[in-house]
Amino acid sequence: MRLRYQALVLVGLTCAHAARADNVSDDIAKAGAAWQAHNASGTLAALNAATSAVHQIRAKALEAALPLPLPGWTADPVQTSALGADMLGGATGVSRTYHNGSQRVEVQITTDSPMLQNMAALLSSPYAQAAGAKTVTIDGHSVTYTATDNSYMTLVADKVIVKVAGNEDTPEPVLRTFVAAVDFDDAAKLAH
C-alpha cells in the first residue's frame, strides 16, 4: 500500500512538471517496470531515487526565498539538503550564512517534513513562552524570538519553517532585518 501511495504521489508531481524532461520521470518509469516484474527492491530503489530528485528540485526552488546579502554583508554559497522519507521522515531545506566582521547570521528554510507540525506546536506552546521565547510581528509575519540561541523562527503556510539565527556578536535588530528580507511569498508558494 505504501509503495502505491508513493507511486501515486510521484506520478502526480511528475504530471505537474510534465514539460520538464528530467530524471524523475525516468525513475518513476523504472519503478513501474520493476513493480510489473515483481521486483520490490528495484521498485523501492527507483521510487527513492525519484523522491530524492523531487526534493532536490524543491530545494533549488527554495533558494529564491533566501535574502540577498544586506549592505556591508557577504554570503557563503547556498547549502541545500534533501532527505528522503527514510531519513527523519524526510525534509527539503536550504540555508545560507551571512558575515559582517564578527557578526554571523544563518537563514534556514525547511519544508516537506512531518516534524514541522510538531515544531509549530512547540513554538506556540506555553513551554516556549516559559523558556523565554516571545512572539513578535515583523513585516506582518508572526515570528518567535528566543534569546538563548539568538534566533527567530516561524511557520509559513503551515508547511515551511524559517529560522534566522545569529551568533553572540549579532544584535537582535540585525536578525529582524534578515527576517524582513526573507521572501515569505516564495516560501509559501513552495508549501503547496
# chains A, B, ... in the order shown; residues from 1 in each chain; ligands from 1
>>> residues_around(residues="A:Leu66", least_positions_apart="5", cutoff="12 Å", atoms="only C-alpha atoms", output="NGL selection string")
:A and (59-61 or 75-80 or 93-98 or 106-110 or 162-164 or 178-187)
>>> residues_around(residues="A:Thr137", least_positions_apart="2", cutoff="12 Å", atoms="only C-alpha atoms", output="compact mmCIF listing (two decimals) with C-alpha atoms, in the first residue's frame")
# COMPACT_ATOMS: atom_id res chain seq x y z
CA LYS A 134 8.50 35.81 22.75
CA THR A 135 6.26 36.19 19.74
CA ASP A 139 6.58 42.92 8.37
CA GLY A 140 3.22 41.28 9.03
CA HIS A 141 4.67 37.88 9.94
CA SER A 142 4.33 36.40 13.40
CA VAL A 143 7.75 35.12 14.49
CA THR A 144 9.09 33.71 17.74
CA TYR A 145 12.32 35.09 19.17
CA TYR A 152 13.76 33.95 15.19
CA MET A 153 11.59 31.12 13.92
CA THR A 154 8.22 30.99 12.19
CA ARG A 176 14.96 41.40 12.50
CA VAL A 179 13.75 38.16 8.88
CA ALA A 180 12.22 41.06 6.94
>>> atom_distance(atom1="atom CA of A:His55", atom2="atom CA of A:Val24")
10.4 Å
>>> closest_residue(among="A:Val105, A:Ile28, A:Ile138, A:Ala50", to="A:Ser151", atoms="only C-alpha atoms")
A:Val105
>>> closest_residue(among="A:Gly42, A:Leu62, A:Lys189, A:Ala49", to="A:Asp26", atoms="only C-alpha atoms")
A:Ala49
>>> select_by_dssp(residues="stretch 22-92 of chain A", states="strand (DSSP E or B)", output="PyMOL selection string")
chain A and resi 74-75+79-83+91-92
>>> write_last_selection(atoms="N, CA and C atoms", output="PDB file, in the first residue's frame")
ATOM      1  N   THR A  74      28.564  39.842   3.485  1.00  0.00           N
ATOM      2  CA  THR A  74      28.884  38.860   2.448  1.00  0.00           C
ATOM      3  C   THR A  74      28.110  37.593   2.770  1.00  0.00           C
ATOM      4  N   ALA A  75      28.027  36.705   1.785  1.00  0.00           N
ATOM      5  CA  ALA A  75      27.262  35.469   1.994  1.00  0.00           C
ATOM      6  C   ALA A  75      28.029  34.283   1.453  1.00  0.00           C
ATOM      7  N   GLN A  79      23.522  26.320   0.824  1.00  0.00           N
ATOM      8  CA  GLN A  79      23.608  24.890   1.117  1.00  0.00           C
ATOM      9  C   GLN A  79      22.210  24.308   0.977  1.00  0.00           C
ATOM     10  N   THR A  80      22.100  23.185   0.289  1.00  0.00           N
ATOM     11  CA  THR A  80      20.798  22.535   0.155  1.00  0.00           C
ATOM     12  C   THR A  80      20.858  21.165   0.813  1.00  0.00           C
ATOM     13  N   SER A  81      19.698  20.719   1.281  1.00  0.00           N
ATOM     14  CA  SER A  81      19.593  19.366   1.830  1.00  0.00           C
ATOM     15  C   SER A  81      18.262  18.786   1.387  1.00  0.00           C
ATOM     16  N   ALA A  82      18.306  17.522   1.062  1.00  0.00           N
ATOM     17  CA  ALA A  82      17.108  16.821   0.631  1.00  0.00           C
ATOM     18  C   ALA A  82      17.163  15.416   1.210  1.00  0.00           C
ATOM     19  N   LEU A  83      16.329  15.184   2.214  1.00  0.00           N
ATOM     20  CA  LEU A  83      16.293  13.873   2.863  1.00  0.00           C
ATOM     21  C   LEU A  83      15.040  13.137   2.443  1.00  0.00           C
ATOM     22  N   ALA A  91      12.727  15.657   4.450  1.00  0.00           N
ATOM     23  CA  ALA A  91      12.748  17.119   4.547  1.00  0.00           C
ATOM     24  C   ALA A  91      13.484  17.674   3.343  1.00  0.00           C
ATOM     25  N   THR A  92      13.144  18.895   3.008  1.00  0.00           N
ATOM     26  CA  THR A  92      13.835  19.646   1.978  1.00  0.00           C
ATOM     27  C   THR A  92      14.218  20.971   2.598  1.00  0.00           C
TER      28      THR A  92
END
>>> closest_residue(among="A:Gln103, A:Ser52, A:Ala147, A:Gly166", to="A:Gly72", atoms="only C-alpha atoms")
A:Gln103
>>> atom_distance(atom1="atom CA of A:Gly101", atom2="atom CA of A:Pro67")
18.5 Å
>>> atom_distance(atom1="atom CA of A:Ala157", atom2="atom CA of A:Thr111")
10.3 Å
>>> closest_residue(among="A:Ser41, A:Asn48, A:Ser102, A:Thr170", to="A:Asp149", atoms="only C-alpha atoms")
A:Thr170
>>> decode(residues="stretch 28-60 of chain A", atoms="C-alpha atoms", output="PDB file, in the first residue's frame")
ATOM      1  CA  ILE A  28       9.091   6.592 -11.966  1.00  0.00           C
ATOM      2  CA  ALA A  29       9.050   4.615 -15.221  1.00  0.00           C
ATOM      3  CA  LYS A  30      11.792   2.350 -13.820  1.00  0.00           C
ATOM      4  CA  ALA A  31       9.730   1.882 -10.650  1.00  0.00           C
ATOM      5  CA  GLY A  32       6.690   0.922 -12.716  1.00  0.00           C
ATOM      6  CA  ALA A  33       8.704  -1.573 -14.748  1.00  0.00           C
ATOM      7  CA  ALA A  34      10.260  -3.038 -11.600  1.00  0.00           C
ATOM      8  CA  TRP A  35       6.821  -3.319  -9.980  1.00  0.00           C
ATOM      9  CA  GLN A  36       5.411  -5.113 -13.015  1.00  0.00           C
ATOM     10  CA  ALA A  37       8.366  -7.534 -12.806  1.00  0.00           C
ATOM     11  CA  HIS A  38       7.533  -8.163  -9.103  1.00  0.00           C
ATOM     12  CA  ASN A  39      10.868  -6.632  -8.116  1.00  0.00           C
ATOM     13  CA  ALA A  40      10.025  -4.871  -4.845  1.00  0.00           C
ATOM     14  CA  SER A  41      13.598  -3.809  -4.072  1.00  0.00           C
ATOM     15  CA  GLY A  42      14.021  -2.364  -7.576  1.00  0.00           C
ATOM     16  CA  THR A  43      10.715  -0.541  -7.195  1.00  0.00           C
ATOM     17  CA  LEU A  44      11.771   0.954  -3.868  1.00  0.00           C
ATOM     18  CA  ALA A  45      15.175   1.977  -5.204  1.00  0.00           C
ATOM     19  CA  ALA A  46      13.628   3.734  -8.216  1.00  0.00           C
ATOM     20  CA  LEU A  47      10.926   5.442  -6.100  1.00  0.00           C
ATOM     21  CA  ASN A  48      13.556   6.606  -3.610  1.00  0.00           C
ATOM     22  CA  ALA A  49      15.647   7.990  -6.474  1.00  0.00           C
ATOM     23  CA  ALA A  50      12.599   9.831  -7.844  1.00  0.00           C
ATOM     24  CA  THR A  51      11.715  11.172  -4.394  1.00  0.00           C
ATOM     25  CA  SER A  52      15.268  12.368  -3.902  1.00  0.00           C
ATOM     26  CA  ALA A  53      15.208  14.133  -7.271  1.00  0.00           C
ATOM     27  CA  VAL A  54      11.929  15.890  -6.389  1.00  0.00           C
ATOM     28  CA  HIS A  55      13.412  17.031  -3.061  1.00  0.00           C
ATOM     29  CA  GLN A  56      16.439  18.406  -4.911  1.00  0.00           C
ATOM     30  CA  ILE A  57      14.220  20.294  -7.362  1.00  0.00           C
ATOM     31  CA  ARG A  58      12.232  21.763  -4.465  1.00  0.00           C
ATOM     32  CA  ALA A  59      15.417  22.682  -2.584  1.00  0.00           C
ATOM     33  CA  LYS A  60      16.674  24.552  -5.634  1.00  0.00           C
TER      34      LYS A  60
END
